[in-house]
$ cat coords-v5.cif   # mmCIF, C-alpha atoms and all ligand atoms
data_entry
#
loop_
_atom_site.label_atom_id
_atom_site.label_comp_id
_atom_site.auth_asym_id
_atom_site.auth_seq_id
_atom_site.Cartn_x
_atom_site.Cartn_y
_atom_site.Cartn_z
CA MET A 25 15.13 18.07 11.71
CA TRP A 26 13.00 15.07 12.39
CA ARG A 27 10.50 15.14 15.22
CA ARG A 28 8.81 12.11 16.69
CA VAL A 29 5.00 12.21 16.66
CA ALA A 30 3.82 11.85 20.24
CA SER A 31 0.22 10.98 19.34
CA LEU A 32 1.28 8.08 17.19
CA SER A 33 4.39 6.88 18.95
CA SER A 34 3.06 6.68 22.48
CA SER A 35 0.89 3.65 21.82
CA ILE A 36 3.51 1.86 19.79
CA SER A 37 5.82 -0.78 21.25
CA SER A 38 9.34 0.11 22.30
CA SER A 39 10.82 -2.28 19.75
CA PHE A 40 8.88 -0.43 17.06
CA LEU A 41 10.24 2.89 18.32
CA ALA A 42 13.80 1.60 18.37
CA GLN A 43 13.33 0.19 14.88
CA THR A 44 11.90 3.48 13.63
CA ALA A 45 14.59 5.57 15.25
CA SER A 46 17.31 3.52 13.58
CA ARG A 47 15.71 4.19 10.21
CA LEU A 48 15.39 7.93 10.52
CA ASN A 49 18.78 8.62 9.03
CA THR A 50 18.00 6.50 5.99
CA TRP A 51 14.62 8.16 5.53
CA GLU A 52 16.11 11.60 5.98
CA SER A 53 18.84 11.05 3.43
CA LEU A 54 16.32 9.57 1.02
CA THR A 55 13.82 12.38 1.30
CA THR A 56 16.24 15.26 1.40
CA GLY A 57 18.76 13.89 -1.08
CA ILE A 58 16.40 13.02 -3.86
CA ALA A 59 13.97 15.85 -3.21
CA GLN A 60 16.85 18.30 -3.34
CA GLN A 61 17.86 17.05 -6.77
CA ALA A 62 14.31 17.05 -8.08
CA LYS A 63 13.12 20.35 -6.71
CA GLY A 64 16.31 22.26 -6.07
CA VAL A 65 15.28 22.92 -2.47
CA ILE A 66 15.88 21.29 0.85
CA ALA A 67 12.56 19.96 2.13
CA PRO A 68 13.19 18.12 5.39
CA LYS A 69 10.25 16.07 6.61
CA GLU A 70 9.06 17.04 10.05
CA LYS A 71 7.53 13.77 11.17
CA THR A 72 8.44 10.12 11.21
CA PRO A 73 6.69 8.30 8.37
CA PHE A 74 3.89 5.95 9.36
CA ILE A 75 3.43 3.35 6.65
CA THR A 76 0.49 1.01 6.12
CA PHE A 77 0.54 -1.62 3.39
CA VAL A 78 -2.95 -2.59 2.17
CA LEU A 79 -3.12 -6.12 0.80
CA GLY A 80 -5.81 -8.47 -0.49
CA GLY A 81 -6.90 -10.20 -3.67
CA PRO A 82 -8.40 -8.44 -6.71
CA GLY A 83 -11.75 -6.92 -5.77
CA SER A 84 -11.35 -7.58 -2.05
CA GLY A 85 -12.20 -3.92 -1.37
CA LYS A 86 -8.77 -2.37 -0.71
CA GLY A 87 -9.43 0.84 -2.61
CA THR A 88 -12.93 1.22 -1.17
CA GLN A 89 -11.69 0.93 2.40
CA CYS A 90 -8.68 3.18 1.73
CA ILE A 91 -11.09 6.02 0.88
CA LYS A 92 -12.74 5.59 4.30
CA ILE A 93 -9.39 5.43 6.10
CA VAL A 94 -8.28 8.65 4.38
CA GLU A 95 -11.54 10.39 5.37
CA THR A 96 -11.35 9.25 8.99
CA PHE A 97 -7.65 9.19 9.76
CA GLY A 98 -6.09 11.59 7.26
CA PHE A 99 -3.68 9.29 5.47
CA ALA A 100 -2.26 9.92 2.00
CA HIS A 101 -3.52 7.14 -0.29
CA LEU A 102 -0.98 5.78 -2.76
CA SER A 103 -2.47 3.03 -4.93
CA ALA A 104 0.26 1.15 -6.79
CA GLY A 105 -2.26 0.13 -9.46
CA ASP A 106 -3.40 3.74 -9.93
CA LEU A 107 0.20 4.96 -10.23
CA LEU A 108 0.89 2.30 -12.88
CA ARG A 109 -2.31 3.18 -14.77
CA ARG A 110 -1.22 6.83 -14.68
CA GLU A 111 2.06 5.83 -16.33
CA ILE A 112 0.12 4.07 -19.09
CA ALA A 113 -2.12 7.11 -19.59
CA SER A 114 0.86 9.48 -19.74
CA LYS A 115 2.47 7.30 -22.42
CA SER A 116 5.73 7.22 -20.49
CA ALA A 117 8.65 5.03 -21.60
CA ASP A 118 7.40 2.16 -19.43
CA GLY A 119 3.74 2.65 -20.37
CA ALA A 120 3.45 -0.08 -23.02
CA MET A 121 5.27 -2.64 -20.87
CA ILE A 122 3.02 -1.82 -17.89
CA LEU A 123 -0.13 -2.12 -19.99
CA ASN A 124 0.86 -5.55 -21.32
CA THR A 125 1.79 -6.75 -17.84
CA ILE A 126 -1.53 -5.61 -16.35
CA LYS A 127 -3.54 -7.16 -19.22
CA GLU A 128 -1.77 -10.44 -18.52
CA GLY A 129 -2.57 -10.22 -14.81
CA LYS A 130 1.16 -10.26 -14.03
CA ILE A 131 3.32 -8.05 -11.79
CA VAL A 132 5.30 -5.08 -13.07
CA PRO A 133 9.05 -5.14 -12.21
CA SER A 134 9.52 -3.86 -8.65
CA GLN A 135 12.02 -1.17 -9.56
CA VAL A 136 9.39 0.59 -11.70
CA THR A 137 6.64 0.45 -9.07
CA VAL A 138 8.84 1.40 -6.12
CA LYS A 139 10.21 4.43 -7.96
CA LEU A 140 6.64 5.64 -8.59
CA ILE A 141 5.74 5.16 -4.91
CA GLN A 142 8.95 6.86 -3.82
CA LYS A 143 8.22 9.91 -5.95
CA GLU A 144 4.71 10.25 -4.50
CA MET A 145 6.00 9.91 -0.95
CA GLU A 146 8.56 12.61 -1.52
CA LEU A 147 6.01 14.98 -3.01
CA SER A 148 3.53 14.46 -0.19
CA ASP A 149 3.20 16.81 2.77
CA ASN A 150 1.66 13.97 4.72
CA HIS A 151 3.69 11.56 6.84
CA LYS A 152 0.98 8.86 7.07
CA PHE A 153 0.86 6.69 3.97
CA LEU A 154 -1.58 4.00 2.88
CA ILE A 155 0.19 2.02 0.20
CA ASP A 156 -2.58 0.11 -1.55
CA GLY A 157 -1.89 -3.05 -3.56
CA PHE A 158 1.75 -3.19 -2.58
CA PRO A 159 3.86 -5.28 -1.98
CA ARG A 160 2.35 -7.91 -4.27
CA THR A 161 5.47 -10.12 -4.26
CA GLU A 162 8.52 -10.84 -2.14
CA GLU A 163 10.52 -8.98 -4.79
CA ASN A 164 8.24 -5.92 -4.28
CA ARG A 165 8.74 -6.14 -0.53
CA VAL A 166 12.53 -6.43 -0.63
CA SER A 167 12.83 -3.74 -3.26
CA PHE A 168 10.78 -1.28 -1.15
CA GLU A 169 12.94 -1.95 1.90
CA ARG A 170 16.11 -1.50 -0.15
CA ILE A 171 15.09 1.67 -2.03
CA ILE A 172 12.92 3.43 0.57
CA GLY A 173 14.78 2.10 3.60
CA VAL A 174 11.78 1.65 5.90
CA GLU A 175 9.39 -1.13 6.87
CA PRO A 176 5.63 -0.79 7.30
CA ASN A 177 4.14 -0.08 10.72
CA VAL A 178 0.87 -1.81 9.87
CA VAL A 179 -0.13 -4.34 7.20
CA LEU A 180 -3.84 -4.76 6.47
CA PHE A 181 -5.07 -7.90 4.73
CA PHE A 182 -8.59 -7.88 3.28
CA ASP A 183 -9.49 -11.55 3.31
CA CYS A 184 -12.32 -12.21 0.86
CA PRO A 185 -13.69 -15.41 -0.73
CA GLU A 186 -12.69 -15.80 -4.40
CA GLU A 187 -16.27 -16.06 -5.59
CA GLU A 188 -17.11 -12.69 -4.01
CA MET A 189 -13.95 -11.07 -5.44
CA VAL A 190 -14.81 -12.25 -8.97
CA LYS A 191 -18.37 -10.98 -8.62
CA ARG A 192 -17.21 -7.56 -7.43
CA VAL A 193 -14.58 -7.15 -10.15
CA LEU A 194 -16.98 -8.12 -12.92
CA ASN A 195 -19.49 -5.57 -11.58
CA ARG A 196 -16.93 -2.80 -11.10
CA ASN A 197 -17.58 -1.09 -14.42
CA GLU A 198 -14.65 1.36 -14.35
CA GLY A 199 -13.32 0.37 -17.77
CA ARG A 200 -10.20 -1.35 -16.41
CA VAL A 201 -8.39 -3.56 -18.94
CA ASP A 202 -7.98 -6.29 -16.31
CA ASP A 203 -11.64 -6.46 -15.23
CA ASN A 204 -12.56 -9.47 -17.35
CA LEU A 205 -12.89 -13.11 -16.39
CA GLU A 206 -9.75 -14.29 -18.19
CA THR A 207 -7.46 -11.74 -16.50
CA ILE A 208 -9.16 -12.12 -13.11
CA LYS A 209 -8.38 -15.86 -13.10
CA LYS A 210 -4.71 -15.07 -13.79
CA ARG A 211 -4.67 -12.40 -11.08
CA LEU A 212 -6.11 -14.83 -8.56
CA THR A 213 -3.40 -17.38 -9.42
CA VAL A 214 -0.71 -14.72 -9.03
CA PHE A 215 -2.26 -13.63 -5.73
CA GLN A 216 -2.14 -17.19 -4.34
CA ALA A 217 1.38 -17.90 -5.58
CA LEU A 218 3.17 -14.58 -5.04
CA SER A 219 1.15 -12.38 -2.68
CA LEU A 220 0.18 -14.87 0.02
CA PRO A 221 3.85 -15.46 0.95
CA VAL A 222 4.19 -11.71 1.61
CA ILE A 223 1.09 -11.80 3.80
CA ASN A 224 2.52 -14.76 5.72
CA TYR A 225 5.80 -12.91 6.14
CA TYR A 226 4.11 -9.98 7.86
CA SER A 227 1.97 -12.32 9.93
CA GLU A 228 5.14 -13.90 11.30
CA LYS A 229 6.53 -10.44 12.04
CA GLY A 230 3.39 -9.60 14.06
CA LYS A 231 2.44 -6.70 11.79
CA LEU A 232 -0.57 -8.24 10.04
CA TYR A 233 -4.17 -7.23 10.73
CA THR A 234 -6.62 -9.51 8.92
CA ILE A 235 -10.02 -8.08 8.04
CA LYS A 236 -12.93 -10.33 7.07
CA ALA A 237 -13.83 -8.52 3.87
CA ILE A 238 -17.43 -9.60 3.51
CA GLY A 239 -20.51 -7.63 4.47
CA THR A 240 -21.30 -4.02 3.72
CA GLU A 241 -18.55 -1.46 3.22
CA ASP A 242 -19.48 0.15 6.55
CA GLU A 243 -19.43 -3.17 8.41
CA ILE A 244 -15.96 -3.88 7.07
CA PHE A 245 -14.75 -0.42 8.03
CA GLU A 246 -15.83 -1.08 11.63
CA GLN A 247 -13.15 -3.79 11.72
CA VAL A 248 -10.59 -1.36 10.28
CA ARG A 249 -11.37 1.67 12.46
CA PRO A 250 -10.05 0.33 15.81
CA ILE A 251 -6.70 -0.58 14.28
CA PHE A 252 -5.90 3.04 13.44
CA ALA A 253 -7.76 4.46 16.43
CA ALA A 254 -5.34 2.53 18.66
CA PHE A 255 -2.41 4.43 17.16
CA GLU A 256 -4.11 7.76 17.79
CA THR A 257 -5.36 7.32 21.34
CA VAL A 258 -2.51 8.64 23.48
CA GLY A 259 -1.49 12.15 22.59
N1 LIG B 1 -18.18 -4.63 0.94
C1 LIG B 1 -18.48 -4.58 -0.35
N2 LIG B 1 -19.59 -5.17 -0.81
C2 LIG B 1 -19.89 -5.14 -2.13
N3 LIG B 1 -19.14 -4.52 -3.07
C3 LIG B 1 -18.02 -3.92 -2.65
C4 LIG B 1 -17.62 -3.93 -1.29
N4 LIG B 1 -16.47 -3.24 -1.18
C5 LIG B 1 -16.15 -2.85 -2.42
N5 LIG B 1 -17.08 -3.23 -3.30
C6 LIG B 1 -17.07 -3.01 -4.74
O1 LIG B 1 -16.26 -4.03 -5.31
C7 LIG B 1 -15.47 -3.51 -6.38
C8 LIG B 1 -14.00 -3.76 -6.05
O2 LIG B 1 -13.65 -2.96 -4.92
P1 LIG B 1 -12.24 -2.23 -4.86
O3 LIG B 1 -11.99 -1.54 -6.16
O4 LIG B 1 -12.22 -1.42 -3.63
O5 LIG B 1 -11.30 -3.50 -4.72
P2 LIG B 1 -9.72 -3.60 -4.75
O6 LIG B 1 -9.31 -4.55 -3.70
O7 LIG B 1 -9.11 -2.25 -4.74
O8 LIG B 1 -9.51 -4.30 -6.16
P3 LIG B 1 -8.24 -4.26 -7.14
O9 LIG B 1 -7.12 -5.00 -6.50
O10 LIG B 1 -8.72 -4.94 -8.37
O11 LIG B 1 -7.90 -2.81 -7.36
C9 LIG B 1 -15.85 -2.06 -6.52
O12 LIG B 1 -16.81 -1.91 -7.55
C10 LIG B 1 -16.45 -1.69 -5.15
O13 LIG B 1 -17.42 -0.67 -5.26
N1 LIG B 2 2.50 -3.79 -6.67
C1 LIG B 2 1.81 -3.86 -7.83
C2 LIG B 2 0.50 -3.39 -7.90
C3 LIG B 2 -0.19 -3.50 -9.09
N2 LIG B 2 0.42 -4.03 -10.17
C4 LIG B 2 -0.29 -4.19 -11.44
C5 LIG B 2 -0.79 -5.60 -11.59
C6 LIG B 2 -2.18 -5.50 -11.05
O1 LIG B 2 -2.98 -6.56 -11.52
C7 LIG B 2 -2.59 -4.14 -11.59
C8 LIG B 2 -3.74 -3.50 -10.93
O2 LIG B 2 -3.45 -3.25 -9.56
P1 LIG B 2 -4.65 -2.93 -8.53
O3 LIG B 2 -5.29 -1.68 -8.98
O4 LIG B 2 -5.56 -4.09 -8.62
O5 LIG B 2 -4.04 -2.80 -7.17
O6 LIG B 2 -1.42 -3.34 -11.49
C9 LIG B 2 1.72 -4.48 -10.07
O7 LIG B 2 2.28 -4.99 -11.07
N3 LIG B 2 2.40 -4.38 -8.91
MG MG B 3 -7.85 -1.24 -6.05
#

$ encode --input "coords-v5.cif" --output "structure tokens"
Amino acid sequence: MWRRVASLSSSISSSFLAQTASRLNTWESLTTGIAQQAKGVIAPKEKTPFITFVLGGPGSGKGTQCIKIVETFGFAHLSAGDLLRREIASKSADGAMILNTIKEGKIVPSQVTVKLIQKEMELSDNHKFLIDGFPRTEENRVSFERIIGVEPNVVLFFDCPEEEMVKRVLNRNEGRVDDNLETIKKRLTVFQALSLPVINYYSEKGKLYTIKAIGTEDEIFEQVRPIFAAFETVG
């Protein structure tokens, strides 16, 4: 059976609670139905999922800040880019297509990415998810809502000047196939054309928290901290 989390829910608006309550059945059927098939056991989730989408251009510091959020607030971190890179490394059926798409700075078909996120959510014991680098497009957003059946509680947007993002990506030195000037330019174009509309959508829904993503990592985290602290205050 599902239980509502008092510490999270008490500081959340009543419309949010009503919205969440109406989605519980969908979430329950999703998590039990598919998990049952995959694992052969019934694994009902005990708590309402709390979902944060983490958005921002390439190199804006999403992954860096997610590590701090995980350390401080105990979220499960699901990076869409990392899940896709894992598919490439495992040489799965979609691996070659994903690699070419990433090299081109384009966006992988939503169905593929959402299924990877769904699998990780089902396997997780956590109910608080940071979904990093997703949704990148309106198609991503709609596909998540259709397949997972829930909307995010919080959407973070790391707003960073392009020049700074390019500098950071070129200095990243993690061996990523897309960390080169040619691909970065394409990724920035895709971000402007396809990701900004998603950010605007959540702004209009009142779910967007914009972080000025310049300064030290710690300075930026001090903008992030109060957002999650507010959801934890009343227990
Ligand atoms: N505040 C900061 N100041 C300087 N460098 C930073 C800052 N935050 C992160 N970095 C560095 O910038 C690079 C990009 O950061 P990160 O990987 O977190 O970005 P991202 O938004 O996840 O990028 P991508 O979308 O490409 O995955 C990393 O090398 C990271 O160490
Ligand atoms: N929702 C997503 C997330 C990522 N990708 C692809 C395209 C990105 O350029 C690449 C790297 O992602 P990052 O690690 O920068 O978050 O992965 C995608 O197609 N769809
Ligand atoms: Mg990242």

$ residues_near_ligand --input "coords-v5.cif" --ligand "ligand MG 3 (chain B)" --cutoff "7 Å" --atoms "only C-alpha atoms and all ligand atoms" --output "ChimeraX atom specification"
/A:83,85-87,103,105,157

$ residues_around --input "coords-v5.cif" --residues "segment 199-210 of chain A" --least-positions-apart "6" --cutoff "8 Å" --atoms "only C-alpha atoms" --output "ChimeraX atom specification"
/A:82,126-130,190,193

$ axis_aligned_box --input "coords-v5.cif" --around "ligand LIG 2 (chain B)" --padding-each-side "6 Å" --output "AutoDock Vina command-line options"
--center_x -1.5 --center_y -4.1 --center_z -9.1 --size_x 20.1 --size_y 16.9 --size_z 16.9

$ atom_distance --input "coords-v5.cif" --atom1 "atom O2 of ligand LIG 2 (chain B)" --atom2 "atom CA of Val178 of chain A"
20.0 Å

$ closest_residue --input "coords-v5.cif" --among "A:Ala217, A:Arg211, A:Leu140, A:Gly239" --to "Cys184 of chain A" --atoms "all atoms listed in the file"
A:Gly239

$ closest_residue --input "coords-v5.cif" --among "A:Gly81, A:Gly119, A:Pro221, A:Pro176" --to "ligand LIG 1 (chain B)" --atoms "only C-alpha atoms and all ligand atoms"
A:Gly81

$ closest_residue --input "coords-v5.cif" --among "A:Asn164, A:Gln135, A:Ser116, A:Gln89" --to "ligand LIG 2 (chain B)" --atoms "all atoms listed in the file"
A:Asn164

$ atom_distance --input "coords-v5.cif" --atom1 "atom P1 of ligand LIG 2 (chain B)" --atom2 "atom CA of Glu175 of chain A"
20.9 Å
